[in-house]
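Structure file upload_37.cif; described as mmCIF, C-alpha atoms.
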```cif
data_final
#
loop_
_atom_site.label_atom_id
_atom_site.label_comp_id
_atom_site.auth_asym_id
_atom_site.auth_seq_id
_atom_site.Cartn_x
_atom_site.Cartn_y
_atom_site.Cartn_z
CA MET P 1 -25.34 -18.93 43.27
CA ARG P 2 -28.22 -19.03 40.80
CA ARG P 3 -28.80 -15.29 41.05
CA ALA P 4 -25.10 -14.48 40.60
CA ALA P 5 -24.91 -16.68 37.50
CA LEU P 6 -28.01 -15.10 35.98
CA VAL P 7 -26.78 -11.58 36.70
CA THR P 8 -23.41 -12.38 35.12
CA LEU P 9 -25.10 -13.86 32.06
CA PHE P 10 -27.38 -10.83 31.75
CA VAL P 11 -24.43 -8.43 31.94
CA VAL P 12 -22.50 -10.39 29.29
CA LEU P 13 -25.49 -10.40 26.93
CA LEU P 14 -26.13 -6.71 27.55
CA VAL P 15 -22.52 -5.80 26.75
CA GLY P 16 -22.64 -7.96 23.63
CA ALA P 17 -25.89 -6.36 22.47
CA PHE P 18 -24.45 -2.89 23.06
CA ALA P 19 -21.30 -3.72 21.07
CA MET P 20 -23.35 -5.17 18.21
CA ALA P 21 -25.66 -2.15 18.12
CA LYS P 22 -22.69 0.20 18.10
CA LEU P 23 -21.14 -1.74 15.22
CA LEU P 24 -24.33 -1.74 13.14
CA LEU P 25 -25.51 1.80 13.86
CA ARG P 26 -22.24 3.74 13.73
CA ASP P 27 -21.79 5.76 10.56
CA ARG P 28 -18.89 4.67 8.38
CA VAL P 29 -17.40 5.80 5.11
CA ALA P 30 -17.82 3.07 2.50
CA VAL P 31 -14.69 2.90 0.32
CA THR P 32 -15.07 1.45 -3.18
CA ALA P 33 -11.42 1.84 -4.24
CA VAL P 34 -8.14 3.33 -3.08
CA ALA P 35 -6.17 4.66 -6.03
CA THR P 36 -3.47 6.01 -3.73
CA PRO P 37 -3.69 6.05 0.08
CA PRO P 38 -3.46 9.44 1.75
CA PRO P 39 -0.24 10.38 3.55
CA ILE P 40 0.22 8.38 6.73
CA ILE P 41 2.52 10.70 8.68
CA THR P 42 3.83 13.53 6.53
CA ALA P 43 2.04 15.16 3.62
CA GLU P 44 4.06 16.40 0.67
CA PRO P 45 2.35 19.54 -0.69
CA LEU P 46 1.55 19.28 -4.39
CA THR P 47 0.83 22.76 -5.73
CA LEU P 48 -1.26 22.97 -8.88
CA LYS P 49 -1.25 26.38 -10.49
CA PRO P 50 -4.37 27.44 -12.41
CA GLY P 51 -4.39 25.42 -15.62
CA GLN P 52 -2.22 22.61 -14.24
CA GLU P 53 -3.69 19.14 -13.85
CA ALA P 54 -2.63 16.19 -11.70
CA CYS P 55 -3.77 12.79 -12.93
CA GLN P 56 -3.58 9.13 -12.07
CA ARG P 57 -4.30 6.36 -14.53
CA GLU P 58 -5.94 2.96 -14.11
CA VAL P 59 -8.15 3.94 -11.19
CA PRO P 60 -10.97 1.41 -10.67
CA VAL P 61 -14.33 3.18 -10.64
CA ASP P 62 -17.22 1.01 -9.52
CA THR P 63 -20.91 1.38 -10.30
CA THR P 64 -21.44 2.36 -6.66
CA THR P 65 -18.79 5.10 -6.65
CA ARG P 66 -20.35 8.49 -6.01
CA VAL P 67 -17.58 10.52 -4.38
CA VAL P 68 -13.94 11.20 -5.27
CA ARG P 69 -11.94 12.12 -2.18
CA ILE P 70 -8.73 14.13 -2.55
CA TYR P 71 -6.84 15.64 0.37
CA SER P 72 -5.83 19.26 0.79
CA ALA P 73 -2.46 20.32 2.16
CA SER P 74 -3.27 24.02 2.29
CA PRO P 75 -2.11 25.69 5.51
CA VAL P 76 -5.25 27.85 5.50
CA PRO P 77 -8.93 26.87 5.19
CA ASP P 78 -9.58 29.39 2.41
CA VAL P 79 -9.01 27.10 -0.58
CA PRO P 80 -10.18 27.15 -4.20
CA ARG P 81 -12.71 24.64 -5.43
CA LEU P 82 -11.37 21.58 -7.17
CA ARG P 83 -12.29 20.38 -10.65
CA VAL P 84 -12.26 16.59 -10.86
CA THR P 85 -12.32 14.81 -14.22
CA LEU P 86 -12.69 11.09 -14.81
CA ARG P 87 -12.13 9.57 -18.25
CA ALA P 88 -12.54 5.99 -19.42
CA PRO P 89 -13.47 4.38 -22.75
CA GLY P 90 -17.14 5.17 -23.31
CA TRP P 91 -17.53 7.21 -20.12
CA SER P 92 -16.39 10.51 -18.68
CA GLN P 93 -17.30 12.81 -15.83
CA GLU P 94 -16.39 16.32 -14.78
CA ALA P 95 -17.45 17.71 -11.44
CA LEU P 96 -16.63 20.52 -9.03
CA SER P 97 -16.02 20.08 -5.33
CA PRO P 98 -18.69 21.66 -3.12
CA PRO P 99 -18.30 25.37 -2.36
CA GLY P 100 -16.85 26.14 1.03
CA PRO P 101 -16.41 26.53 3.81
CA GLY P 102 -17.74 23.30 5.20
CA ARG P 103 -17.24 19.58 5.36
CA GLY P 104 -15.72 18.04 2.24
CA THR P 105 -15.03 21.42 0.61
CA GLY P 106 -11.27 21.37 1.17
CA SER P 107 -11.48 23.84 4.04
CA ASP P 108 -11.42 20.88 6.43
CA GLY P 109 -8.51 19.22 4.62
CA ILE P 110 -10.69 16.97 2.47
CA TYR P 111 -12.23 17.50 -0.96
CA ASP P 112 -15.25 15.21 -1.39
CA THR P 113 -16.42 15.72 -4.97
CA PRO P 114 -19.72 14.02 -5.90
CA ILE P 115 -19.93 12.27 -9.28
CA ASP P 116 -22.43 10.18 -11.22
CA PRO P 117 -21.20 6.57 -11.30
CA PRO P 118 -20.61 4.69 -14.55
CA ARG P 119 -23.08 2.04 -15.70
CA ARG P 120 -20.34 -0.57 -15.49
CA SER P 121 -17.05 -0.76 -13.64
CA VAL P 122 -14.20 0.91 -15.51
CA LEU P 123 -10.51 1.73 -15.18
CA ALA P 124 -10.41 5.49 -15.45
CA THR P 125 -7.92 8.31 -15.47
CA VAL P 126 -8.74 10.62 -12.57
CA CYS P 127 -7.51 14.21 -12.78
CA ALA P 128 -7.71 17.17 -10.43
CA SER P 129 -7.11 20.85 -11.05
CA SER P 130 -7.88 24.18 -9.44
CA ALA P 131 -11.28 25.47 -10.51
CA GLY P 132 -10.38 29.03 -9.53
CA ASP P 133 -7.70 31.59 -10.22
CA ARG P 134 -5.64 30.47 -7.23
CA PRO P 135 -3.32 27.47 -6.85
CA ALA P 136 -4.69 24.33 -5.26
CA ILE P 137 -2.35 22.78 -2.70
CA LEU P 138 -3.07 19.06 -2.49
CA ALA P 139 -1.69 16.37 -0.18
CA ALA P 140 0.68 13.90 -1.79
CA SER P 141 3.13 11.48 -0.22
CA LEU P 142 6.75 10.40 -0.59
CA GLU P 143 6.44 7.75 2.11
CA ASP P 144 7.61 4.26 1.17
CA ARG P 145 4.53 2.72 2.78
CA VAL P 146 2.21 4.61 0.43
CA ARG P 147 1.97 2.62 -2.78
CA ALA P 148 0.05 3.32 -5.97
CA ARG P 149 -0.78 1.33 -9.06
CA THR P 150 0.56 4.08 -11.33
CA LYS P 151 2.52 7.27 -10.83
CA THR P 152 0.94 10.68 -10.44
CA LEU P 153 1.22 12.82 -13.56
CA VAL P 154 1.27 16.62 -13.60
CA ASP P 155 0.52 17.93 -17.08
CA GLY P 156 1.49 14.51 -18.44
CA ARG P 157 4.84 14.35 -16.62
CA ALA P 158 5.42 11.69 -13.96
CA ILE P 159 6.38 12.98 -10.52
CA GLU P 160 7.56 11.20 -7.38
CA PRO P 161 4.96 12.47 -4.88
CA ARG P 162 1.84 10.31 -5.02
CA LEU P 163 -1.45 12.17 -4.84
CA GLY P 164 -3.91 10.62 -2.39
CA ILE P 165 -7.12 9.60 -4.17
CA VAL P 166 -9.86 7.52 -2.55
CA LEU P 167 -13.23 6.62 -4.08
CA LEU P 168 -16.31 6.36 -1.87
CA GLU P 169 -19.90 5.19 -2.15
CA GLY P 170 -21.13 8.48 -0.78
CA PRO P 171 -21.75 10.16 2.57
CA SER P 172 -21.16 8.23 5.78
CA ARG P 173 -23.88 5.67 6.48
CA SER P 174 -24.51 3.08 9.14
CA THR P 175 -23.56 -0.52 8.48
CA ILE P 176 -27.13 -1.71 8.95
CA SER P 177 -28.40 0.68 6.27
CA ARG P 178 -26.16 -1.00 3.69
CA LEU P 179 -26.22 -4.51 5.13
CA ARG P 180 -27.31 -6.03 1.80
CA THR P 181 -24.27 -4.52 0.06
CA VAL P 182 -21.95 -5.79 2.80
CA LEU P 183 -23.37 -9.31 2.51
CA ASP P 184 -23.19 -9.23 -1.30
CA ARG P 185 -19.51 -8.35 -1.16
CA ALA P 186 -18.80 -10.94 1.51
CA ALA P 187 -20.41 -13.61 -0.70
CA PHE P 188 -18.61 -12.50 -3.87
CA PHE P 189 -15.63 -14.84 -3.48
CA GLN P 190 -17.64 -17.76 -2.09
CA ALA P 191 -19.22 -20.67 -3.93
CA PRO P 192 -22.32 -19.70 -5.97
CA ILE P 193 -24.58 -21.45 -3.48
CA VAL P 194 -23.35 -19.07 -0.77
CA GLY P 195 -25.23 -15.88 -1.60
CA TRP P 196 -26.14 -12.88 0.49
CA PHE P 197 -29.27 -14.65 1.76
CA SER P 198 -27.25 -17.58 3.11
CA LEU P 199 -24.92 -15.19 4.89
CA ALA P 200 -27.92 -13.29 6.27
CA LEU P 201 -29.26 -16.53 7.75
CA LEU P 202 -25.84 -17.27 9.22
CA LEU P 203 -25.75 -13.77 10.72
CA VAL P 204 -29.16 -14.28 12.32
CA LEU P 205 -27.95 -17.63 13.66
CA VAL P 206 -24.90 -16.01 15.24
CA VAL P 207 -26.76 -13.00 16.64
CA VAL P 208 -29.86 -14.81 17.93
CA ALA P 209 -29.28 -18.54 18.18
CA VAL P 210 -25.84 -18.48 19.82
CA PRO P 211 -26.87 -16.18 22.72
CA GLY P 212 -30.09 -18.17 23.04
CA ALA P 213 -28.13 -21.40 23.27
CA ALA P 214 -25.86 -19.85 25.91
CA VAL P 215 -28.89 -18.84 27.99
CA TYR P 216 -30.42 -22.30 27.64
CA ALA P 217 -27.18 -24.05 28.58
CA THR P 218 -26.72 -21.83 31.64
CA LEU P 219 -30.27 -22.36 32.87
CA ARG P 220 -30.02 -26.10 32.23
CA ALA P 221 -26.77 -26.33 34.17
CA LEU P 222 -28.24 -24.39 37.10
CA ARG P 223 -31.31 -26.63 37.14
CA ASP P 224 -29.17 -29.77 37.07
CA ASP P 225 -27.12 -28.42 39.98
CA GLU P 226 -30.30 -27.75 41.96
CA ASP P 227 -31.62 -31.24 41.21
CA ALA P 228 -28.33 -32.76 42.32
CA ALA P 229 -28.38 -30.74 45.53
CA THR P 230 -31.98 -31.82 46.22
CA ARG P 231 -31.15 -35.53 45.80
CA ARG P 232 -28.41 -35.23 48.36
#
```

I need this file expressed as structure tokens, please.
Amino acid sequence: MRRAALVTLFVVLLVGAFAMAKLLLRDRVAVTAVATPPPIITAEPLTLKPGQEACQREVPVDTTTRVVRIYSASPVPDVPRLRVTLRAPGWSQEALSPPGPGRGTGSDGIYDTPIDPPRRSVLATVCASSAGDRPAILAASLEDRVRARTKTLVDGRAIEPRLGIVLLEGPSRSTISRLRTVLDRAAFFQAPIVGWFSLALLLVLVVVAVPGAAVYATLRALRDDEDAATRR
């Protein structure tokens, strides 16, 4: 009985430790803002001829934003580079998507264009255009479930398809490598006394103290059962 209980407890703790390690060590894309979600089911191709520009206004750009993600709807991987422009009062950026082929170059269906973040959070107008002499075919959406703060503009004219634009912190990173940022954001809407350090202590309590208490309670219960059996 004692051995079976200990083996069961060990297996439960091992599975829990594996799940926690997988959660903390798995690489994830850190999103800072979603101007317009990408198409969920069906992409509506938005073709931008050379010289045309698709824009969206009032896009929140955070001080941690380092990548602008726009989705390609090209049927072939041979795509032109994308020119991405961000404009806000007192700040502007212009950048080119990485040359392809490769990850984040548009050849894989995603343009990940690196930018330098602003010194303070701003509401910017984000624009995209073909950087080559060929049209850029981008992924927009007409789906009702895809909502945006403002409409997509092509050369200043509002259109119905909504261009998917997502802002990221940068390349995929593990949760544990940006744990301080995660805790800071979790504490943002809490009382001032609840800072990242308080949440870190709570996390340690949950990860270490709770399993430790479970082990102690199990061993104590087994010992009490043995003592009761001995007295009989």

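Distance annotation: of P:Val15, P:Ala131, P:Ala148, P:Val210, the residue with the minimal separation from Leu48 of chain P is P:Ala131; atom set is only C-alpha atoms.
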
Worksheet item: Do you know which residues are at most 7 Å from Ala136 of chain P counting all atoms listed in the file, after dropping those on the same chain fewer than 5 positions away, and could you put them as number ranges by chain?
Response: P: 47-49, 79-80, 130

Worksheet entry | the PyMOL selection byres ((chain P and resi 117-119) around 6) applied to the shown file, residues as a list in words |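 This file, filtered by the PyMOL selection byres ((chain P and resi 117-119) around 6), leaves Thr63, Thr65, Arg66, Asp116 and Arg120 of chain P.
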
Practice prompt. Kindly resolve the PyMOL selection byres ((chain P and resi 30) around 6) on the present coordinates and return the residues as a list in words.
Written response: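 Matching residues under the PyMOL selection byres ((chain P and resi 30) around 6) are Val29, Val31, Leu168 and Glu169 of chain P.
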
Fill in: d(atom CA of Arg103 of chain P, atom CA of Gly164 of chain P) in Å
17.8 Å

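Minimum atom-to-atom distance to Ala158 of chain P, evaluated using all atoms listed in the file, belongs to P:Gln56 out of P:Gln56, P:Ser97, P:Thr125, P:Ser107.
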